[in-house]
Amino acid sequence: MAHFPSMDDKCAVLHLSRLQLDDLILDHLTDSKRQQIQQLHLTFNRLLLLPPSVCFLSNLEYLDISNNALTVMPEDIMRLTNLKTFVAKNNLLDESSFPKEFERMQVETLNLSGNRFGEIPVQFLKMTTLQSLSLGGNRLKTIPAEIEKLTSLELLYLGGNLISFIPPEVANLTSLRYLVLCDNRIQSIPPQLNKLHSLLSLSLHNNLLTFLPREILSLVHLQELSLRGNPLVVRFIKDMTYDPPSLTELAGRTIKSQNLPFSSCDLPSNLNHYLNLASKCPNPKCAVFLSLQLKPTERRGVRGGEQRPCRQAPESAAGIGQTDQLPVTAFPLNT
């Protein structure tokens, strides 16, 4: 048990982390002092319950009670009508820990990663003000179809669970910008996700994906797509071979990149021959040319139904010759 420290008249943020607190007493504070508190940090303490005094901080907007041993949220938490950000990572909370009325809270950011949730509580699925929902590192097996009701959601973090299926209703989260589903057991991606036109980042690494639907290519604003650790990528890497550049190729690149003057009499015949191959790559498996005239990247299907990006191809052999650039050996396309 600990008493509240002294505070000045302008104090709005209170950091009470790592103090081994098992309770918090505010009896000596006036109402005006309590109303000044807008942010409260109680992380890394010994709290088994949310201290009752916290629920009487009427102007509290930010509450972080991560890394304690909380198992339940009291009904008095409903008194925090101004609460916008609620963080309770790494506790012992589950789907039965929150009062039914919690759905009426106007919380915008809810982070409950590292707890014991076996399913997403029904209350959370009715919180239409939510912009960020993080439930990573729990025991979730499913994503309920009712997730589509969270129409304001911009970030959905469900990494590190036991999820095997993505319901197509996720595609109705039209405001979603960040979708994190890494470290699960997901085997396929619903093509309906192409409706997530605001999506900037899609994290799917360490799942069981064997292919991607062609529709995923229509996510024109997507900036990050993480797929490592899936059978799709593992097989792709195993199938690839890499032909390292020869000494002749390296010498030719150096001459061209440094614009070194030369004549045919100055160089060995094999290097002269290589320098005259600017319109044709000496590596028959190579699909990449260093050129200023490139077509937009195309995509095509290959065996197993998976979609792979084709390398950029030259506009024409003449185009390569005009730019006078040497071909670049790269990963071959083993189709």
# chains A, B, ... in the order shown; residues from 1 in each chain; ligands from 1

call {"tool": "residues_around", "arguments": {"residues": "stretch 258-272 of chain A", "least_positions_apart": "5", "cutoff": "9 Å", "atoms": "only C-alpha atoms", "output": "list in words"}}
result
Thr248, Glu249, Ala251, Gly252 and Arg253 of chain A

call {"tool": "residues_around", "arguments": {"residues": "stretch 114-126 of chain A", "least_positions_apart": "2", "cutoff": "7 Å", "atoms": "only C-alpha atoms", "output": "PDB file with C-alpha atoms, in the first residue's frame"}}
result
ATOM      1  CA  LYS A  89      -0.511  -5.455 -21.227  1.00  0.00           C
ATOM      2  CA  ASN A  90       1.015  -8.483 -19.535  1.00  0.00           C
ATOM      3  CA  ASN A  91      -1.544  -9.149 -16.838  1.00  0.00           C
ATOM      4  CA  LEU A  92      -3.835 -12.125 -16.173  1.00  0.00           C
ATOM      5  CA  LEU A  93      -6.984 -10.814 -17.839  1.00  0.00           C
ATOM      6  CA  ASP A  94      -9.373 -12.881 -19.958  1.00  0.00           C
ATOM      7  CA  GLU A  95     -12.744 -12.538 -21.689  1.00  0.00           C
ATOM      8  CA  LYS A 100     -20.711  -5.960 -19.479  1.00  0.00           C
ATOM      9  CA  PHE A 102     -17.575  -1.734 -20.679  1.00  0.00           C
ATOM     10  CA  GLU A 103     -19.000  -1.567 -24.197  1.00  0.00           C
ATOM     11  CA  LEU A 112      -4.466  -5.864 -23.829  1.00  0.00           C
ATOM     12  CA  THR A 128     -17.458   1.731 -32.174  1.00  0.00           C
ATOM     13  CA  GLY A 136      -1.400  -9.870 -29.402  1.00  0.00           C
ATOM     14  CA  GLY A 137       0.179 -12.684 -27.427  1.00  0.00           C
ATOM     15  CA  ASN A 138      -3.071 -14.128 -26.107  1.00  0.00           C
ATOM     16  CA  ARG A 139      -4.870 -17.429 -26.785  1.00  0.00           C
ATOM     17  CA  LEU A 140      -7.310 -16.329 -29.470  1.00  0.00           C
ATOM     18  CA  LYS A 141      -8.374 -19.073 -31.877  1.00  0.00           C
ATOM     19  CA  THR A 142     -10.843 -17.123 -33.987  1.00  0.00           C
ATOM     20  CA  GLU A 146     -18.696  -9.128 -35.569  1.00  0.00           C
ATOM     21  CA  ILE A 147     -15.289  -7.470 -35.841  1.00  0.00           C
ATOM     22  CA  LYS A 149     -18.751  -3.424 -36.408  1.00  0.00           C
ATOM     23  CA  LEU A 150     -15.557  -1.612 -35.386  1.00  0.00           C
TER      24      LEU A 150
END

call {"tool": "atom_distance", "arguments": {"atom1": "atom CA of A:Leu14", "atom2": "atom CA of A:Leu70"}}
result
20.0 Å

call {"tool": "residues_around", "arguments": {"residues": "A:Asn67", "least_positions_apart": "4", "cutoff": "9 Å", "atoms": "only C-alpha atoms", "output": "number ranges by chain"}}
result
A: 42-47, 88-91

call {"tool": "atom_distance", "arguments": {"atom1": "atom CA of A:Glu215", "atom2": "atom CA of A:Gly159"}}
result
22.8 Å

call {"tool": "select_by_dssp", "arguments": {"residues": "stretch 46-285 of chain A", "states": "helix (DSSP H, G or I)", "output": "ChimeraX atom specification"}}
result
/A:52-56,75-79,100-104,124-126,145-149,168-172,191-195,214-218,231-239,247-257,269-275

call {"tool": "write_last_selection", "arguments": {"atoms": "C-alpha atoms", "output": "PDB file, in the first residue's frame"}}
result
ATOM      1  CA  PRO A  52     -10.592   1.957  -6.320  1.00  0.00           C
ATOM      2  CA  SER A  53      -9.110   5.436  -6.047  1.00  0.00           C
ATOM      3  CA  VAL A  54      -8.159   5.355  -9.748  1.00  0.00           C
ATOM      4  CA  CYS A  55     -11.801   5.124 -10.765  1.00  0.00           C
ATOM      5  CA  PHE A  56     -12.515   8.515  -9.187  1.00  0.00           C
ATOM      6  CA  GLU A  75     -17.478  -1.993 -12.507  1.00  0.00           C
ATOM      7  CA  ASP A  76     -16.323   1.348 -11.142  1.00  0.00           C
ATOM      8  CA  ILE A  77     -14.054   1.671 -14.149  1.00  0.00           C
ATOM      9  CA  MET A  78     -17.172   2.961 -15.897  1.00  0.00           C
ATOM     10  CA  ARG A  79     -16.694   6.182 -13.930  1.00  0.00           C
ATOM     11  CA  LYS A 100     -20.711  -5.960 -19.479  1.00  0.00           C
ATOM     12  CA  GLU A 101     -21.144  -2.193 -19.432  1.00  0.00           C
ATOM     13  CA  PHE A 102     -17.575  -1.734 -20.679  1.00  0.00           C
ATOM     14  CA  GLU A 103     -19.000  -1.567 -24.197  1.00  0.00           C
ATOM     15  CA  ARG A 104     -20.259   1.942 -23.397  1.00  0.00           C
ATOM     16  CA  PHE A 124     -15.089  -4.933 -27.272  1.00  0.00           C
ATOM     17  CA  LEU A 125     -16.931  -5.683 -30.504  1.00  0.00           C
ATOM     18  CA  LYS A 126     -19.496  -3.007 -29.673  1.00  0.00           C
ATOM     19  CA  ALA A 145     -17.364 -11.886 -37.832  1.00  0.00           C
ATOM     20  CA  GLU A 146     -18.696  -9.128 -35.569  1.00  0.00           C
ATOM     21  CA  ILE A 147     -15.289  -7.470 -35.841  1.00  0.00           C
ATOM     22  CA  GLU A 148     -16.777  -5.621 -38.820  1.00  0.00           C
ATOM     23  CA  LYS A 149     -18.751  -3.424 -36.408  1.00  0.00           C
ATOM     24  CA  PRO A 168     -14.061 -12.117 -44.890  1.00  0.00           C
ATOM     25  CA  GLU A 169     -15.841  -9.607 -42.640  1.00  0.00           C
ATOM     26  CA  VAL A 170     -12.429  -8.134 -41.797  1.00  0.00           C
ATOM     27  CA  ALA A 171     -12.603  -6.575 -45.253  1.00  0.00           C
ATOM     28  CA  ASN A 172     -15.419  -4.322 -44.032  1.00  0.00           C
ATOM     29  CA  PRO A 191      -9.625 -12.390 -51.500  1.00  0.00           C
ATOM     30  CA  GLN A 192     -12.112  -9.921 -50.004  1.00  0.00           C
ATOM     31  CA  LEU A 193      -9.213  -8.168 -48.275  1.00  0.00           C
ATOM     32  CA  ASN A 194      -8.716  -6.274 -51.524  1.00  0.00           C
ATOM     33  CA  LYS A 195     -11.436  -3.936 -50.238  1.00  0.00           C
ATOM     34  CA  ARG A 214      -4.307 -12.405 -56.930  1.00  0.00           C
ATOM     35  CA  GLU A 215      -6.749  -9.868 -55.480  1.00  0.00           C
ATOM     36  CA  ILE A 216      -4.128  -8.778 -52.951  1.00  0.00           C
ATOM     37  CA  LEU A 217      -2.400  -6.934 -55.795  1.00  0.00           C
ATOM     38  CA  SER A 218      -5.173  -4.348 -55.845  1.00  0.00           C
ATOM     39  CA  PRO A 231       5.684 -22.256 -46.663  1.00  0.00           C
ATOM     40  CA  LEU A 232       5.035 -19.881 -49.564  1.00  0.00           C
ATOM     41  CA  VAL A 233       8.322 -18.038 -48.998  1.00  0.00           C
ATOM     42  CA  VAL A 234      10.359 -21.001 -47.745  1.00  0.00           C
ATOM     43  CA  ARG A 235       9.589 -22.983 -50.898  1.00  0.00           C
ATOM     44  CA  PHE A 236      10.276 -19.977 -53.101  1.00  0.00           C
ATOM     45  CA  ILE A 237      13.736 -19.513 -51.565  1.00  0.00           C
ATOM     46  CA  LYS A 238      14.566 -23.217 -51.850  1.00  0.00           C
ATOM     47  CA  ASP A 239      13.649 -23.126 -55.538  1.00  0.00           C
ATOM     48  CA  LEU A 247      35.279 -11.473 -62.739  1.00  0.00           C
ATOM     49  CA  THR A 248      34.638 -10.435 -66.330  1.00  0.00           C
ATOM     50  CA  GLU A 249      31.215  -9.118 -65.407  1.00  0.00           C
ATOM     51  CA  LEU A 250      32.576  -7.227 -62.397  1.00  0.00           C
ATOM     52  CA  ALA A 251      35.331  -5.690 -64.492  1.00  0.00           C
ATOM     53  CA  GLY A 252      32.830  -4.628 -67.130  1.00  0.00           C
ATOM     54  CA  ARG A 253      30.532  -3.027 -64.573  1.00  0.00           C
ATOM     55  CA  THR A 254      33.447  -1.081 -63.105  1.00  0.00           C
ATOM     56  CA  ILE A 255      34.484   0.265 -66.496  1.00  0.00           C
ATOM     57  CA  LYS A 256      30.950   1.421 -67.285  1.00  0.00           C
ATOM     58  CA  SER A 257      30.052   2.776 -63.856  1.00  0.00           C
ATOM     59  CA  SER A 269      39.182 -10.158 -75.915  1.00  0.00           C
ATOM     60  CA  ASN A 270      36.718 -11.757 -73.490  1.00  0.00           C
ATOM     61  CA  LEU A 271      36.136  -8.411 -71.753  1.00  0.00           C
ATOM     62  CA  ASN A 272      35.701  -6.681 -75.107  1.00  0.00           C
ATOM     63  CA  HIS A 273      33.131  -9.294 -76.038  1.00  0.00           C
ATOM     64  CA  TYR A 274      31.284  -8.784 -72.760  1.00  0.00           C
ATOM     65  CA  LEU A 275      31.180  -5.010 -73.171  1.00  0.00           C
TER      66      LEU A 275
END

call {"tool": "atom_distance", "arguments": {"atom1": "atom CA of A:Leu80", "atom2": "atom CA of A:Leu50"}}
result
12.6 Å

call {"tool": "closest_residue", "arguments": {"among": "A:Leu176, A:Leu225, A:Met127, A:Leu181", "to": "A:Asn207", "atoms": "only C-alpha atoms"}}
result
A:Leu181

call {"tool": "closest_residue", "arguments": {"among": "A:Arg34, A:Arg228, A:Arg185, A:Arg177", "to": "A:Gly160", "atoms": "only C-alpha atoms"}}
result
A:Arg185

call {"tool": "select_by_dssp", "arguments": {"residues": "stretch 64-102 of chain A", "states": "strand (DSSP E)", "output": "number ranges by chain"}}
result
A: 64, 85-87

call {"tool": "residues_around", "arguments": {"residues": "A:Leu204", "least_positions_apart": "4", "cutoff": "9 Å", "atoms": "only C-alpha atoms", "output": "JSON, numbers by chain"}}
result
{"A": [159, 179, 180, 181, 182, 183, 184, 186, 209, 225, 226, 227, 228, 229, 230]}

call {"tool": "residues_around", "arguments": {"residues": "A:Gln106", "least_positions_apart": "2", "cutoff": "8 Å", "atoms": "only C-alpha atoms", "output": "list in words"}}
result
Thr81, Asn82, Leu83, Lys84, Arg104, Glu108, Met127, Thr129 and Leu130 of chain A

call {"tool": "decode", "arguments": {"residues": "stretch 27-68 of chain A", "atoms": "N, CA and C atoms", "output": "short mmCIF file (atom, residue, chain, number, x, y, z; two decimals), in the first residue's frame"}}
result
data_model
loop_
_atom_site.label_atom_id
_atom_site.label_comp_id
_atom_site.auth_asym_id
_atom_site.auth_seq_id
_atom_site.Cartn_x
_atom_site.Cartn_y
_atom_site.Cartn_z
N ASP A 27 -6.73 9.63 -0.50
CA ASP A 27 -7.64 10.30 0.43
C ASP A 27 -7.20 11.71 0.78
N HIS A 28 -5.92 11.97 0.78
CA HIS A 28 -5.45 13.28 1.21
C HIS A 28 -5.51 14.32 0.09
N LEU A 29 -5.92 13.91 -1.11
CA LEU A 29 -6.00 14.85 -2.23
C LEU A 29 -7.37 15.49 -2.31
N THR A 30 -7.40 16.76 -2.60
CA THR A 30 -8.68 17.45 -2.80
C THR A 30 -9.25 17.06 -4.16
N ASP A 31 -10.52 17.34 -4.34
CA ASP A 31 -11.17 17.04 -5.62
C ASP A 31 -10.50 17.77 -6.77
N SER A 32 -10.10 19.00 -6.55
CA SER A 32 -9.47 19.78 -7.61
C SER A 32 -8.13 19.16 -8.02
N LYS A 33 -7.42 18.61 -7.05
CA LYS A 33 -6.16 17.94 -7.37
C LYS A 33 -6.40 16.69 -8.21
N ARG A 34 -7.41 15.95 -7.86
CA ARG A 34 -7.72 14.73 -8.62
C ARG A 34 -8.14 15.06 -10.04
N GLN A 35 -8.86 16.14 -10.20
CA GLN A 35 -9.34 16.51 -11.53
C GLN A 35 -8.22 16.95 -12.46
N GLN A 36 -7.07 17.26 -11.89
CA GLN A 36 -5.94 17.67 -12.72
C GLN A 36 -5.24 16.49 -13.39
N ILE A 37 -5.45 15.32 -12.87
CA ILE A 37 -4.73 14.14 -13.37
C ILE A 37 -5.36 13.65 -14.67
N GLN A 38 -4.58 13.68 -15.74
CA GLN A 38 -5.07 13.24 -17.05
C GLN A 38 -4.40 11.95 -17.52
N GLN A 39 -3.18 11.71 -17.06
CA GLN A 39 -2.47 10.49 -17.42
C GLN A 39 -1.91 9.84 -16.16
N LEU A 40 -2.06 8.52 -16.10
CA LEU A 40 -1.58 7.78 -14.93
C LEU A 40 -0.86 6.52 -15.40
N HIS A 41 0.38 6.37 -14.97
CA HIS A 41 1.20 5.20 -15.31
C HIS A 41 1.46 4.40 -14.04
N LEU A 42 0.97 3.18 -14.01
CA LEU A 42 1.12 2.30 -12.85
C LEU A 42 1.77 0.97 -13.24
N THR A 43 2.66 0.99 -14.20
CA THR A 43 3.24 -0.25 -14.73
C THR A 43 4.29 -0.84 -13.79
N PHE A 44 4.48 -2.15 -13.92
CA PHE A 44 5.52 -2.88 -13.16
C PHE A 44 5.38 -2.66 -11.66
N ASN A 45 4.17 -2.88 -11.15
CA ASN A 45 3.93 -2.85 -9.72
C ASN A 45 3.43 -4.22 -9.27
N ARG A 46 2.74 -4.27 -8.15
CA ARG A 46 2.25 -5.55 -7.62
C ARG A 46 0.74 -5.54 -7.46
N LEU A 47 0.08 -4.87 -8.35
CA LEU A 47 -1.37 -4.71 -8.24
C LEU A 47 -2.09 -6.00 -8.64
N LEU A 48 -2.97 -6.44 -7.76
CA LEU A 48 -3.85 -7.57 -8.05
C LEU A 48 -5.21 -7.08 -8.52
N LEU A 49 -5.57 -5.87 -8.13
CA LEU A 49 -6.83 -5.24 -8.51
C LEU A 49 -6.55 -3.80 -8.89
N LEU A 50 -7.39 -3.24 -9.71
CA LEU A 50 -7.28 -1.82 -10.01
C LEU A 50 -7.66 -1.05 -8.76
N PRO A 51 -6.78 -0.22 -8.24
CA PRO A 51 -7.10 0.53 -7.01
C PRO A 51 -8.39 1.32 -7.17
N PRO A 52 -9.33 1.21 -6.22
CA PRO A 52 -10.59 1.96 -6.32
C PRO A 52 -10.39 3.45 -6.51
N SER A 53 -9.34 3.99 -5.94
CA SER A 53 -9.11 5.44 -6.05
C SER A 53 -8.91 5.88 -7.49
N VAL A 54 -8.39 5.00 -8.34
CA VAL A 54 -8.16 5.35 -9.75
C VAL A 54 -9.47 5.67 -10.45
N CYS A 55 -10.51 4.97 -10.09
CA CYS A 55 -11.80 5.12 -10.77
C CYS A 55 -12.49 6.44 -10.44
N PHE A 56 -11.93 7.22 -9.54
CA PHE A 56 -12.51 8.51 -9.19
C PHE A 56 -11.71 9.68 -9.76
N LEU A 57 -10.82 9.37 -10.68
CA LEU A 57 -10.07 10.42 -11.39
C LEU A 57 -10.89 10.80 -12.61
N SER A 58 -11.81 11.70 -12.43
CA SER A 58 -12.86 11.96 -13.42
C SER A 58 -12.34 12.47 -14.76
N ASN A 59 -11.16 13.08 -14.79
CA ASN A 59 -10.62 13.63 -16.03
C ASN A 59 -9.50 12.78 -16.63
N LEU A 60 -9.37 11.58 -16.14
CA LEU A 60 -8.32 10.70 -16.63
C LEU A 60 -8.58 10.33 -18.09
N GLU A 61 -7.56 10.53 -18.94
CA GLU A 61 -7.67 10.22 -20.36
C GLU A 61 -6.79 9.05 -20.77
N TYR A 62 -5.73 8.83 -20.00
CA TYR A 62 -4.75 7.80 -20.35
C TYR A 62 -4.41 6.99 -19.10
N LEU A 63 -4.57 5.67 -19.17
CA LEU A 63 -4.28 4.80 -18.04
C LEU A 63 -3.47 3.61 -18.53
N ASP A 64 -2.29 3.43 -17.94
CA ASP A 64 -1.43 2.29 -18.27
C ASP A 64 -1.15 1.51 -17.00
N ILE A 65 -1.68 0.29 -16.93
CA ILE A 65 -1.49 -0.57 -15.76
C ILE A 65 -0.84 -1.90 -16.19
N SER A 66 0.03 -1.82 -17.17
CA SER A 66 0.70 -3.01 -17.70
C SER A 66 1.65 -3.63 -16.68
N ASN A 67 1.91 -4.92 -16.88
CA ASN A 67 2.89 -5.65 -16.08
C ASN A 67 2.58 -5.63 -14.60
N ASN A 68 1.36 -6.02 -14.28
CA ASN A 68 0.94 -6.27 -12.91
C ASN A 68 0.37 -7.69 -12.87
#
